[in-house]
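Text of the file start27.cif, holding mmCIF, C-alpha atoms:
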```
data_model
#
loop_
_atom_site.label_atom_id
_atom_site.label_comp_id
_atom_site.auth_asym_id
_atom_site.auth_seq_id
_atom_site.Cartn_x
_atom_site.Cartn_y
_atom_site.Cartn_z
CA MET Y 203 6.14 -20.89 15.35
CA ALA Y 204 3.10 -19.98 17.38
CA ASP Y 205 2.06 -23.62 17.69
CA ASP Y 206 4.80 -23.95 20.33
CA ASP Y 207 3.63 -20.98 22.42
CA VAL Y 208 0.87 -21.07 24.98
CA PRO Y 209 -1.26 -17.92 24.44
CA GLN Y 210 -0.90 -15.56 27.40
CA PRO Y 211 -3.57 -13.22 28.79
CA SER Y 212 -3.60 -9.89 27.01
CA SER Y 213 -1.99 -6.87 28.61
CA GLN Y 214 -5.38 -5.14 28.70
CA TYR Y 215 -6.80 -8.06 30.69
CA ARG Y 216 -3.92 -8.08 33.17
CA ARG Y 217 -3.85 -4.29 33.48
CA GLU Y 218 -7.52 -4.10 34.40
CA ALA Y 219 -6.99 -6.57 37.23
CA PHE Y 220 -5.06 -3.85 39.02
CA LYS Y 221 -7.77 -1.21 38.66
CA ALA Y 222 -9.76 -1.56 41.86
CA SER Y 223 -12.32 1.00 40.78
CA ALA Y 224 -13.10 -0.65 37.46
CA VAL Y 225 -15.95 -3.12 37.10
CA HIS Y 226 -15.96 -5.11 33.85
CA ASN Y 227 -18.12 -7.78 32.41
CA THR Y 228 -16.41 -11.18 32.53
CA SER Y 229 -17.41 -12.10 28.99
CA ALA Y 230 -16.00 -8.81 27.71
CA GLN Y 231 -12.71 -9.56 29.44
CA ARG Y 232 -12.63 -12.98 27.85
CA ARG Y 233 -13.27 -11.53 24.41
CA ARG Y 234 -10.45 -9.05 24.84
CA GLN Y 235 -8.15 -11.77 26.13
CA LEU Y 236 -9.01 -14.12 23.29
CA ALA Y 237 -8.77 -11.41 20.64
CA VAL Y 238 -5.28 -10.39 21.66
CA ALA Y 239 -4.01 -13.93 22.28
CA VAL Y 240 -5.27 -15.26 18.94
CA GLY Y 241 -4.18 -12.14 17.11
CA LYS Y 242 -0.71 -12.33 18.58
CA GLU Y 243 -0.42 -16.01 17.69
CA LYS Y 244 -1.40 -15.36 14.08
CA ARG Y 245 0.95 -12.42 13.72
CA GLU Y 246 3.88 -14.31 15.20
CA ALA Y 247 3.23 -17.06 12.68
CA LEU Y 248 3.29 -14.56 9.84
CA ILE Y 249 6.01 -12.19 11.00
CA ARG Y 250 8.51 -14.32 12.91
CA ALA Y 251 8.11 -17.77 11.45
CA LYS Y 252 7.88 -17.23 7.69
CA ARG Y 253 9.20 -14.61 5.34
CA LEU Y 254 8.53 -13.94 1.70
CA CYS Y 255 11.52 -13.06 -0.44
CA ARG Y 256 10.32 -10.04 -2.39
CA GLU Y 257 11.48 -8.63 -5.69
CA ALA Y 258 13.90 -5.75 -5.14
CA PHE Y 259 12.25 -3.73 -7.89
CA PHE Y 260 9.87 -3.96 -10.81
CA GLU Y 261 9.80 -2.33 -14.17
CA ASP Y 262 7.62 0.78 -14.25
CA ASN Y 263 4.97 -0.88 -16.41
CA GLU Y 264 4.63 -3.75 -13.94
CA VAL Y 265 4.04 -1.36 -11.06
CA SER Y 266 1.40 0.63 -12.89
CA LEU Y 267 -0.31 -2.56 -14.05
CA GLU Y 268 -0.63 -3.80 -10.46
CA ARG Y 269 -2.02 -0.49 -9.29
CA ASP Y 270 -4.69 -0.49 -11.98
CA MET Y 271 -5.95 -3.98 -11.18
CA ASP Y 272 -8.40 -4.85 -8.49
CA THR Y 273 -7.64 -7.83 -6.28
CA ASP Y 274 -9.77 -10.40 -8.09
CA GLU Y 275 -8.52 -9.40 -11.51
CA GLU Y 276 -4.91 -9.42 -10.36
CA LYS Y 277 -5.28 -12.91 -8.89
CA THR Y 278 -6.82 -14.27 -12.07
CA VAL Y 279 -4.08 -12.77 -14.22
CA LEU Y 280 -1.28 -13.93 -11.92
CA ASP Y 281 -2.68 -17.46 -11.70
CA ALA Y 282 -2.88 -17.71 -15.48
CA GLN Y 283 0.62 -16.29 -15.94
CA THR Y 284 2.01 -18.64 -13.31
CA SER Y 285 0.43 -21.77 -14.84
CA GLN Y 286 1.79 -20.79 -18.24
CA THR Y 287 5.25 -20.13 -16.83
CA VAL Y 288 5.32 -23.55 -15.16
CA ASP Y 289 4.42 -25.10 -18.51
CA ASP Y 290 7.21 -23.07 -20.09
CA LEU Y 291 9.62 -24.43 -17.48
CA LYS Y 292 8.59 -27.98 -18.36
CA SER Y 293 9.44 -27.27 -21.97
CA ALA Y 294 12.72 -25.58 -21.06
CA LEU Y 295 13.84 -28.59 -19.02
CA THR Y 296 13.30 -30.93 -21.95
CA TYR Y 297 14.99 -28.62 -24.47
CA HIS Y 298 18.66 -29.42 -25.12
CA GLY Y 299 19.43 -27.22 -28.08
CA LYS Y 300 21.36 -23.99 -28.34
CA GLY Y 301 20.77 -21.64 -25.41
CA ALA Y 302 19.09 -24.32 -23.30
CA THR Y 303 20.67 -23.16 -20.06
CA GLN Y 304 19.72 -19.53 -20.60
CA LYS Y 305 16.17 -20.56 -21.46
CA LYS Y 306 15.82 -22.40 -18.15
CA VAL Y 307 17.24 -19.51 -16.16
CA GLU Y 308 15.01 -16.94 -17.83
CA THR Y 309 11.92 -19.05 -17.24
CA LEU Y 310 12.85 -19.60 -13.60
CA ARG Y 311 13.43 -15.88 -13.19
CA GLU Y 312 9.98 -15.12 -14.56
CA LEU Y 313 8.43 -17.67 -12.20
CA ARG Y 314 10.31 -16.18 -9.28
CA ARG Y 315 9.02 -12.72 -10.15
CA LEU Y 316 5.45 -13.98 -10.24
CA LEU Y 317 5.90 -15.64 -6.83
CA SER Y 318 7.43 -12.48 -5.37
CA LYS Y 319 5.32 -9.51 -6.35
CA SER Y 320 1.85 -10.09 -4.97
CA GLU Y 321 0.60 -9.78 -1.40
CA VAL Y 322 -0.85 -13.25 -1.93
CA PRO Y 323 1.55 -14.98 -4.35
CA PRO Y 324 0.06 -17.46 -6.84
CA VAL Y 325 1.52 -20.46 -5.02
CA LYS Y 326 -1.54 -22.65 -5.41
CA ALA Y 327 -1.58 -22.14 -9.17
CA ALA Y 328 2.11 -23.08 -9.37
CA LEU Y 329 1.57 -26.23 -7.31
CA GLN Y 330 -1.45 -27.28 -9.33
CA ALA Y 331 0.62 -26.88 -12.48
CA GLY Y 332 3.22 -29.30 -11.08
CA VAL Y 333 6.06 -26.95 -10.19
CA ILE Y 334 7.74 -28.84 -7.33
CA PRO Y 335 9.28 -31.73 -9.33
CA LEU Y 336 10.57 -29.18 -11.85
CA LEU Y 337 12.22 -27.07 -9.18
CA VAL Y 338 13.75 -30.17 -7.60
CA GLN Y 339 15.20 -31.00 -11.00
CA CYS Y 340 16.61 -27.47 -11.23
CA LEU Y 341 18.41 -27.96 -7.90
CA ALA Y 342 20.41 -30.93 -9.21
CA PHE Y 343 24.12 -30.89 -8.45
CA GLY Y 344 26.16 -29.47 -11.30
CA SER Y 345 23.44 -27.01 -12.33
CA PRO Y 346 24.51 -23.43 -13.13
CA ASP Y 347 24.69 -21.16 -10.10
CA GLU Y 348 22.08 -18.76 -11.45
CA GLN Y 349 19.66 -21.63 -11.99
CA LEU Y 350 20.20 -22.89 -8.44
CA LEU Y 351 19.62 -19.43 -7.01
CA GLU Y 352 16.38 -18.84 -8.94
CA ALA Y 353 15.02 -22.30 -8.09
CA ALA Y 354 15.79 -21.83 -4.39
CA TRP Y 355 14.13 -18.42 -4.44
CA CYS Y 356 10.96 -19.91 -5.95
CA LEU Y 357 10.92 -22.61 -3.27
CA THR Y 358 11.45 -19.97 -0.55
CA ASN Y 359 8.25 -18.18 -1.49
CA ILE Y 360 6.27 -21.37 -1.93
CA ALA Y 361 7.35 -22.36 1.60
CA ALA Y 362 6.05 -19.02 2.91
CA GLY Y 363 2.49 -20.10 2.11
CA ASP Y 364 -0.07 -22.04 4.10
CA PRO Y 365 0.79 -25.36 5.82
CA GLU Y 366 -0.02 -27.61 2.87
CA GLU Y 367 1.95 -25.38 0.52
CA THR Y 368 4.93 -25.50 2.85
CA LYS Y 369 4.73 -29.29 3.12
CA SER Y 370 4.84 -29.53 -0.67
CA LEU Y 371 8.59 -28.81 -0.40
CA MET Y 372 9.28 -32.22 1.15
CA PRO Y 373 10.88 -33.63 -2.03
CA ALA Y 374 13.19 -30.61 -2.24
CA LEU Y 375 14.44 -30.64 1.36
CA PRO Y 376 17.48 -32.94 0.92
CA LEU Y 377 18.84 -30.78 -1.90
CA LEU Y 378 18.12 -27.53 -0.07
CA VAL Y 379 20.04 -28.85 2.94
CA ALA Y 380 22.89 -30.00 0.69
CA HIS Y 381 23.19 -26.59 -0.96
CA ILE Y 382 23.82 -24.78 2.33
CA GLY Y 383 27.07 -26.70 2.61
CA GLU Y 384 30.50 -25.10 2.54
CA LYS Y 385 31.05 -25.80 -1.16
CA SER Y 386 28.09 -23.69 -2.29
CA LEU Y 387 28.26 -20.05 -3.27
CA VAL Y 388 27.27 -17.85 -0.34
CA ALA Y 389 24.28 -16.37 -2.21
CA ILE Y 390 22.91 -19.84 -3.00
CA ALA Y 391 23.50 -21.11 0.54
CA GLU Y 392 21.77 -18.05 1.97
CA GLN Y 393 18.72 -18.47 -0.26
CA CYS Y 394 18.45 -22.17 0.58
CA ALA Y 395 18.71 -21.29 4.28
CA TRP Y 396 15.84 -18.86 3.84
CA ALA Y 397 13.71 -21.60 2.28
CA LEU Y 398 14.58 -23.99 5.12
CA GLY Y 399 13.75 -21.32 7.68
CA ASN Y 400 10.27 -21.02 6.22
CA VAL Y 401 9.86 -24.80 6.34
CA ALA Y 402 11.08 -24.99 9.94
CA GLY Y 403 8.67 -22.22 10.87
CA GLU Y 404 5.70 -24.37 9.91
CA GLY Y 405 5.82 -26.62 12.94
CA GLU Y 406 7.36 -29.48 14.86
CA GLU Y 407 6.79 -32.17 12.24
CA LEU Y 408 8.80 -30.41 9.57
CA ARG Y 409 11.43 -29.27 12.08
CA ASN Y 410 12.04 -32.87 13.05
CA ILE Y 411 12.38 -33.86 9.40
CA LEU Y 412 14.94 -31.11 8.80
CA LEU Y 413 16.89 -32.14 11.90
CA ALA Y 414 16.87 -35.75 10.74
CA GLN Y 415 18.19 -34.64 7.35
CA GLY Y 416 21.13 -32.84 8.94
CA ALA Y 417 20.12 -29.19 8.55
CA LEU Y 418 21.47 -28.07 11.95
CA LEU Y 419 25.22 -28.26 11.29
CA PRO Y 420 25.35 -26.41 7.93
CA LEU Y 421 22.99 -23.71 9.23
CA ALA Y 422 25.21 -23.28 12.29
CA ARG Y 423 28.27 -22.92 10.09
CA LEU Y 424 26.44 -20.46 7.87
CA MET Y 425 25.64 -18.32 10.93
CA MET Y 426 29.39 -17.97 11.42
CA SER Y 427 29.65 -16.01 8.17
CA ASN Y 428 31.11 -12.51 8.31
CA LYS Y 429 28.54 -11.37 5.75
CA GLY Y 430 25.71 -9.72 7.66
CA SER Y 431 22.76 -10.86 5.54
CA THR Y 432 24.02 -14.44 5.45
CA ALA Y 433 24.56 -14.67 9.20
CA ARG Y 434 21.20 -12.99 9.80
CA THR Y 435 19.30 -15.40 7.55
CA ALA Y 436 21.05 -18.43 9.05
CA ALA Y 437 20.36 -17.25 12.61
CA TRP Y 438 16.68 -16.71 11.81
CA ALA Y 439 16.44 -20.19 10.24
CA LEU Y 440 18.20 -21.68 13.27
CA SER Y 441 15.82 -19.99 15.70
CA ASN Y 442 12.90 -21.56 13.82
CA LEU Y 443 14.65 -24.94 13.92
CA LEU Y 444 15.26 -24.71 17.68
CA LYS Y 445 11.65 -23.89 18.63
CA GLY Y 446 9.58 -26.32 20.58
CA PRO Y 447 9.62 -28.03 23.93
CA HIS Y 448 12.29 -30.59 23.02
CA PRO Y 449 15.89 -29.66 23.94
CA LYS Y 450 17.71 -31.99 21.55
CA ALA Y 451 18.40 -29.45 18.81
CA ALA Y 452 19.58 -26.80 21.28
CA SER Y 453 21.82 -29.34 23.02
CA GLU Y 454 23.35 -30.35 19.69
CA LEU Y 455 23.79 -26.78 18.45
CA ILE Y 456 25.72 -25.63 21.50
CA LYS Y 457 28.23 -28.45 20.96
CA ILE Y 458 29.14 -27.30 17.45
CA LYS Y 459 32.57 -25.71 17.40
CA GLY Y 460 32.44 -21.98 16.79
CA VAL Y 461 28.76 -21.40 17.62
CA ILE Y 462 29.37 -19.53 20.89
CA ASP Y 463 32.17 -17.51 19.30
CA ALA Y 464 29.87 -16.54 16.42
CA ILE Y 465 27.09 -15.50 18.81
CA VAL Y 466 29.49 -13.31 20.78
CA GLN Y 467 31.00 -11.83 17.63
CA HIS Y 468 27.62 -10.93 16.15
CA LEU Y 469 26.27 -9.49 19.41
CA ARG Y 470 29.20 -7.07 19.43
CA LYS Y 471 28.18 -5.62 16.07
CA GLU Y 472 26.14 -2.48 15.47
CA ASP Y 473 23.75 -4.23 13.04
CA ASP Y 474 20.44 -4.30 14.96
CA GLU Y 475 18.80 -6.71 12.50
CA LEU Y 476 21.63 -9.22 12.83
CA VAL Y 477 21.75 -8.85 16.61
CA THR Y 478 17.97 -9.37 16.79
CA GLU Y 479 18.12 -12.70 14.96
CA VAL Y 480 21.12 -13.90 16.96
CA ALA Y 481 19.35 -12.87 20.17
CA TRP Y 482 16.44 -15.13 19.20
CA VAL Y 483 18.91 -18.02 18.91
CA VAL Y 484 20.07 -17.15 22.44
CA VAL Y 485 16.42 -17.14 23.60
CA TYR Y 486 15.90 -20.76 22.57
CA LEU Y 487 19.35 -21.95 23.63
CA SER Y 488 18.97 -20.45 27.10
CA ALA Y 489 15.43 -21.81 27.45
CA LEU Y 490 16.22 -25.37 26.40
CA SER Y 491 19.79 -26.17 27.40
CA GLU Y 492 21.43 -25.78 30.82
CA VAL Y 493 24.79 -26.38 29.17
CA ALA Y 494 24.09 -23.49 26.83
CA VAL Y 495 23.21 -21.20 29.76
CA GLY Y 496 26.55 -21.93 31.41
CA LEU Y 497 28.52 -21.31 28.22
CA LEU Y 498 26.60 -18.14 27.38
CA LEU Y 499 27.27 -16.70 30.83
CA LYS Y 500 30.90 -17.78 30.77
CA ASN Y 501 31.37 -15.87 27.52
CA ASP Y 502 29.75 -12.66 28.85
CA VAL Y 503 26.67 -12.90 26.62
CA ALA Y 504 24.53 -11.46 29.43
CA GLN Y 505 26.74 -8.38 29.58
CA LEU Y 506 26.56 -7.96 25.80
CA LEU Y 507 22.77 -8.20 25.88
CA VAL Y 508 22.47 -5.60 28.61
CA GLY Y 509 24.70 -3.31 26.60
CA LYS Y 510 22.34 -3.66 23.63
CA LEU Y 511 19.42 -2.51 25.79
CA ALA Y 512 21.23 0.72 26.50
CA ALA Y 513 22.51 1.29 22.97
CA SER Y 514 19.52 0.36 20.79
CA GLU Y 515 16.11 1.95 20.29
CA SER Y 516 14.72 -1.04 18.38
CA LEU Y 517 11.68 -2.66 20.00
CA GLN Y 518 12.19 -5.72 17.81
CA LEU Y 519 15.63 -6.12 19.38
CA LEU Y 520 14.37 -5.41 22.90
CA ILE Y 521 12.00 -8.40 22.93
CA PRO Y 522 14.53 -11.23 22.39
CA VAL Y 523 17.15 -9.48 24.53
CA LEU Y 524 14.77 -9.30 27.49
CA ARG Y 525 13.64 -12.88 26.98
CA SER Y 526 17.24 -14.08 26.83
CA LEU Y 527 18.16 -12.24 30.01
CA GLY Y 528 15.04 -13.60 31.70
CA ASN Y 529 16.08 -17.15 30.84
CA LEU Y 530 19.60 -16.58 32.14
CA VAL Y 531 18.41 -15.03 35.40
CA ALA Y 532 15.91 -17.88 35.87
CA ALA Y 533 18.76 -20.39 36.14
CA ASP Y 534 20.31 -21.43 39.46
CA GLY Y 535 21.74 -19.00 42.01
CA TYR Y 536 25.27 -19.05 40.67
CA MET Y 537 24.07 -18.21 37.17
CA THR Y 538 21.84 -15.45 38.49
CA ASP Y 539 24.84 -13.91 40.22
CA LYS Y 540 26.78 -14.09 36.96
CA VAL Y 541 24.06 -12.12 35.20
CA LEU Y 542 23.96 -9.48 37.92
CA ILE Y 543 27.71 -9.08 38.36
CA VAL Y 544 28.78 -7.20 35.22
CA GLY Y 545 31.34 -4.49 34.77
CA TYR Y 546 28.87 -1.56 34.94
CA ASN Y 547 25.59 -0.60 36.56
CA ILE Y 548 22.94 -2.89 35.02
CA THR Y 549 20.05 -0.93 36.51
CA GLU Y 550 21.12 2.30 34.84
CA GLN Y 551 21.75 0.53 31.56
CA LEU Y 552 18.36 -1.16 31.66
CA LEU Y 553 16.53 2.05 32.47
CA SER Y 554 18.37 3.93 29.75
CA GLY Y 555 17.58 1.24 27.17
CA LEU Y 556 13.94 0.90 28.17
CA ILE Y 557 13.34 4.65 28.13
CA LYS Y 558 14.88 4.91 24.67
CA CYS Y 559 12.79 1.99 23.38
CA LEU Y 560 9.56 3.34 24.84
CA LYS Y 561 10.17 6.80 23.43
CA ASN Y 562 10.92 5.29 20.04
CA GLU Y 563 7.83 3.08 20.29
CA HIS Y 564 5.72 6.19 20.95
CA ARG Y 565 6.99 7.74 17.71
CA VAL Y 566 6.45 4.53 15.77
CA LEU Y 567 2.94 4.11 17.17
CA LYS Y 568 1.93 7.56 15.99
CA LYS Y 569 3.23 6.89 12.48
CA VAL Y 570 1.56 3.50 12.27
CA MET Y 571 -1.79 4.80 13.54
CA ARG Y 572 -1.84 7.60 11.01
CA GLY Y 573 -0.69 5.55 8.06
CA MET Y 574 -2.88 2.45 8.25
CA PRO Y 575 -6.68 2.44 7.91
CA ASN Y 576 -9.36 0.31 9.57
CA GLY Y 577 -7.47 -0.31 12.78
CA GLU Y 578 -4.71 -2.27 11.03
CA GLY Y 579 -2.09 -0.12 12.75
CA LEU Y 580 -3.28 -1.23 16.17
CA LYS Y 581 -3.13 -4.87 15.15
CA LEU Y 582 0.38 -4.50 13.76
CA VAL Y 583 1.75 -2.79 16.87
CA GLU Y 584 -0.01 -5.27 19.15
CA GLU Y 585 2.24 -8.09 17.87
CA ASP Y 586 4.98 -7.21 20.33
CA GLY Y 587 4.02 -3.75 21.59
CA ILE Y 588 1.48 -4.71 24.24
CA ASP Y 589 3.75 -7.25 25.89
CA ALA Y 590 6.70 -4.87 25.86
CA MET Y 591 4.74 -1.97 27.34
CA GLU Y 592 2.85 -4.08 29.86
CA ARG Y 593 6.12 -5.17 31.44
CA PHE Y 594 6.73 -1.63 32.64
CA GLN Y 595 3.30 -0.40 33.76
CA PHE Y 596 4.21 -0.76 37.42
CA HIS Y 597 7.92 -0.03 37.13
CA GLU Y 598 9.51 1.92 39.97
CA ASN Y 599 10.92 4.43 37.50
CA GLU Y 600 8.24 7.08 37.03
CA GLU Y 601 9.20 8.04 33.48
CA ILE Y 602 8.99 4.44 32.27
CA ARG Y 603 5.77 3.81 34.19
CA ASN Y 604 4.05 6.92 32.82
CA MET Y 605 5.05 6.24 29.22
CA ALA Y 606 3.95 2.61 29.34
CA ASN Y 607 0.58 3.37 30.91
CA GLY Y 608 0.03 6.32 28.58
CA LEU Y 609 0.66 4.26 25.46
CA ILE Y 610 -1.60 1.41 26.55
CA ASP Y 611 -4.41 3.73 27.64
CA LYS Y 612 -4.24 5.71 24.42
CA TYR Y 613 -4.06 2.91 21.89
CA PHE Y 614 -5.37 -0.22 23.65
CA GLY Y 615 -8.14 1.12 25.85
CA GLU Y 616 -11.36 -0.27 27.24
CA ASP Y 617 -12.97 -1.19 23.93
CA TYR Y 618 -9.98 -2.67 22.15
CA GLY Y 619 -10.55 -6.20 20.84
CA LEU Y 620 -14.32 -6.27 21.39
CA ASP Y 621 -15.14 -6.19 17.69
CA GLU Y 622 -12.94 -9.14 16.69
#
```

Exercise: express the given structure as C-alpha cells:
Amino acid sequence: MADDDVPQPSSQYRREAFKASAVHNTSAQRRRQLAVAVGKEKREALIRAKRLCREAFFEDNEVSLERDMDTDEEKTVLDAQTSQTVDDLKSALTYHGKGATQKKVETLRELRRLLSKSEVPPVKAALQAGVIPLLVQCLAFGSPDEQLLEAAWCLTNIAAGDPEETKSLMPALPLLVAHIGEKSLVAIAEQCAWALGNVAGEGEELRNILLAQGALLPLARLMMSNKGSTARTAAWALSNLLKGPHPKAASELIKIKGVIDAIVQHLRKEDDELVTEVAWVVVYLSALSEVAVGLLLKNDVAQLLVGKLAASESLQLLIPVLRSLGNLVAADGYMTDKVLIVGYNITEQLLSGLIKCLKNEHRVLKKVMRGMPNGEGLKLVEEDGIDAMERFQFHENEEIRNMANGLIDKYFGEDYGLDE
C-alpha cells in the first residue's frame, strides 16, 4: 500500500528542471509536486491495494432505481436496507426449522448485493448492525459451500473500506486463511484470497498479522493454480502481503516449492491481467530478496519480462515489468550481465514495447479526457501515466521522446495541480 512508498517528485516538477528558459515560482512548484505525490499515493491505495468485488449484474428494476436516486437518498435507503438485512441474518442463524440453510444463503446473498452495488457500499451500517460475528459464524467449517462463498464475498467488500472497517475483519482472519487451503473449493479459496488481499493492502500491521497466521503458504499454492482468475487473485494478494521494507515474507515465499515454476509459467501466458499481477510479485521479490534475484535470473524471468514489453500494449503491465527489470539490473555485476545477455536484441524489444505502450496510452488518454468531467480523467491517468511517460522524455529514440513530451505537455502542462 502507499504507506510503504516514499512520495517522489512529480514528473512536471522534474521536467521543468530541464527547461533552462523557464522561470517558475518555488511555491508553485511545491504545490504541483505535493498535488501529484499525494494524489498518486491516494490512487495507489485505492487502485492497487484494495478491490471491491462487484455484482456481475442487477435486475433491471434495481438499475433504474439507482439511476433515479440522488446520492443522499440512495445512501439512506441502502443503510436502512443493510441494517434490516443484518437483522434478518441474525434471525436466520437462530432458525433451525425447514429450509434453514436456504434461508441463511438467501439472506447472505441479499447482504452481499447491498455491499456490492454502490460506489460507497453501506459498510458502516453493516458494522454498526453487528455483521462481523455473524459472518464469522457463517464461515464455520462444515457450512454449505454457497454459504461460505457469500460470507467471504461480504467480508471482501467490508475489507475494501476505510482502515477501521478493514480492521474489523480481525476475528474472521483465521477462518479466511483456513479456507484458502487445498481442501476448499477453488471458488471459495479465491474469494477468501481476495478478502485477505484487501486486508493485506491496509498496511504493515495487518500484513504482519496475516503472516503470523500462516497466510503466505496457502496463497503461494493458490497462485500455482491453472485457473487464470484464481492465480491472478492469489498473485495480487501475495503482492500486497510482500509489500514493505522487511524482507522476511519475500525470503520465505521464494523458498516455497513451485513458486518460481508458477511465476515462469504464468509469465509465458498471453493473459495480460494475470501477467501484470505476477509481475508485481516479481517486483517485490526482486526488491527484497537477493536469493530471489538469483533464482529469477537463473530461470530466465528477465528474458520473459523483456518479451512482454515487446508483445503487450498494456501500460498497467509495463509498470511492474519495468520495475522488475530495474531491480534485477540493480543487482551485482554478474546479475546485470545475466539481464543483458538474452537470446535476442533487448534494445529493439524495449523500443518496440515502449512505442506500442506510448501509442496505446495516447489513445487511452484521449478517451479518458473526453469521457470524464471535471478533470477526473487527468487524475485517473496520472496514477501511473506521468511516471511512465516521464521515463522517456529524454530518450535517445526520437519517436519515444516526442510522444512522451507531447503527452505530458498536452495533458499535464504548466497549470496542472495548482488547484488541488

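Residue neighbourhood of Gln415 in chain Y, excluding near-sequence residues (fewer than 4 positions): Pro376, Val379 and Ile411 of chain Y, at 8 Å, using only C-alpha atoms.
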
Using CA of Val483 in chain Y and CA of Leu455 in chain Y as the two end points, give the distance in Å to one decimal.
-> 10.0 Å

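Taking CA of Asp473 in chain Y as the reference point, CA of Ala512 in chain Y is found at 14.6 Å.
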
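In this comparison, which uses only C-alpha atoms, the residue of Y:Lys457, Y:Arg409, Y:Lys369, Y:Lys306 approaching Leu329 in chain Y most closely is Y:Lys369.
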
Determine the residue membership of the PyMOL selection byres ((chain Y and resi 321) around 12) for the file above and supply it as a VMD selection string.
-> chain Y and resid 253 to 257 268 273 276 to 277 280 316 to 320 322 to 325 359 362 to 363

Written selection (C-alpha atoms) as a compact mmCIF listing (two decimals), keeping the file's coordinate frame:
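What landed in again_32.txt:
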```txt
# COMPACT_ATOMS: atom_id res chain seq x y z
CA ARG Y 253 9.20 -14.61 5.34
CA LEU Y 254 8.53 -13.94 1.70
CA CYS Y 255 11.52 -13.06 -0.44
CA ARG Y 256 10.32 -10.04 -2.39
CA GLU Y 257 11.48 -8.63 -5.69
CA GLU Y 268 -0.63 -3.80 -10.46
CA THR Y 273 -7.64 -7.83 -6.28
CA GLU Y 276 -4.91 -9.42 -10.36
CA LYS Y 277 -5.28 -12.91 -8.89
CA LEU Y 280 -1.28 -13.93 -11.92
CA LEU Y 316 5.45 -13.98 -10.24
CA LEU Y 317 5.90 -15.64 -6.83
CA SER Y 318 7.43 -12.48 -5.37
CA LYS Y 319 5.32 -9.51 -6.35
CA SER Y 320 1.85 -10.09 -4.97
CA VAL Y 322 -0.85 -13.25 -1.93
CA PRO Y 323 1.55 -14.98 -4.35
CA PRO Y 324 0.06 -17.46 -6.84
CA VAL Y 325 1.52 -20.46 -5.02
CA ASN Y 359 8.25 -18.18 -1.49
CA ALA Y 362 6.05 -19.02 2.91
CA GLY Y 363 2.49 -20.10 2.11
```

Go through the shown structure with the PyMOL selection byres ((chain Y and resi 421-432) around 8) and write out the matching residues as a PyMOL selection string.
-> chain Y and resi 382+388-389+391-392+395+417-420+433-437+439-440+455+458+460-461+464+473+476

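Interatomic distance, CA of Asp463 in chain Y against CA of Leu507 in chain Y: 14.8 Å.
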
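With all atoms listed in the file as the atoms that count, the minimum distance from Thr368 in chain Y to the choices Y:Lys252, Y:Val307, Y:Gly301, Y:Gly383 is reached by Y:Lys252.
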
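Nearest residue to Trp355 in chain Y among Y:Ala532, Y:Leu519, Y:Val477, Y:Leu341 is Y:Leu341, counting only C-alpha atoms.
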
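Proximity to Val480 in chain Y was assessed for Y:Lys326, Y:His468, Y:His381, Y:Lys292 counting only C-alpha atoms; the smallest distance is recorded for Y:His468.
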
Contacts of Gly332 in chain Y at 12 Å or less, counting all atoms listed in the file, minus same-chain residues fewer than 2 places along, as a ChimeraX atom specification?
-> /Y:284-292,325-330,334-338,370-371

Write the residues of the preceding selection, restricted to C-alpha atoms, as a PDB file, keeping the file's coordinate frame.
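Written file, selection_2.pdb:
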```pdb
ATOM      1  CA  THR Y 284       2.010 -18.640 -13.310  1.00  0.00           C
ATOM      2  CA  SER Y 285       0.430 -21.770 -14.840  1.00  0.00           C
ATOM      3  CA  GLN Y 286       1.790 -20.790 -18.240  1.00  0.00           C
ATOM      4  CA  THR Y 287       5.250 -20.130 -16.830  1.00  0.00           C
ATOM      5  CA  VAL Y 288       5.320 -23.550 -15.160  1.00  0.00           C
ATOM      6  CA  ASP Y 289       4.420 -25.100 -18.510  1.00  0.00           C
ATOM      7  CA  ASP Y 290       7.210 -23.070 -20.090  1.00  0.00           C
ATOM      8  CA  LEU Y 291       9.620 -24.430 -17.480  1.00  0.00           C
ATOM      9  CA  LYS Y 292       8.590 -27.980 -18.360  1.00  0.00           C
ATOM     10  CA  VAL Y 325       1.520 -20.460  -5.020  1.00  0.00           C
ATOM     11  CA  LYS Y 326      -1.540 -22.650  -5.410  1.00  0.00           C
ATOM     12  CA  ALA Y 327      -1.580 -22.140  -9.170  1.00  0.00           C
ATOM     13  CA  ALA Y 328       2.110 -23.080  -9.370  1.00  0.00           C
ATOM     14  CA  LEU Y 329       1.570 -26.230  -7.310  1.00  0.00           C
ATOM     15  CA  GLN Y 330      -1.450 -27.280  -9.330  1.00  0.00           C
ATOM     16  CA  ILE Y 334       7.740 -28.840  -7.330  1.00  0.00           C
ATOM     17  CA  PRO Y 335       9.280 -31.730  -9.330  1.00  0.00           C
ATOM     18  CA  LEU Y 336      10.570 -29.180 -11.850  1.00  0.00           C
ATOM     19  CA  LEU Y 337      12.220 -27.070  -9.180  1.00  0.00           C
ATOM     20  CA  VAL Y 338      13.750 -30.170  -7.600  1.00  0.00           C
ATOM     21  CA  SER Y 370       4.840 -29.530  -0.670  1.00  0.00           C
ATOM     22  CA  LEU Y 371       8.590 -28.810  -0.400  1.00  0.00           C
TER      23      LEU Y 371
END
```

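The closest residue to Gly403 in chain Y, picked from Y:Leu444, Y:Leu497, Y:Met372, Y:Leu310 and counting all atoms listed in the file, is Y:Leu444.
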
Could you give me, as a PyMOL selection string, the residues within 10 Å of range 526-529 of chain Y, counting only C-alpha atoms and dropping anything in the same chain fewer than 2 positions from it?
-> chain Y and resi 481-490+495+503-505+507-508+520-524+531-533+538+541

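Between Phe343 in chain Y and the residues Y:Asn400, Y:Asn410, Y:Gln283, Y:Ser386, the shortest atom-to-atom distance, using only C-alpha atoms, involves Y:Ser386.
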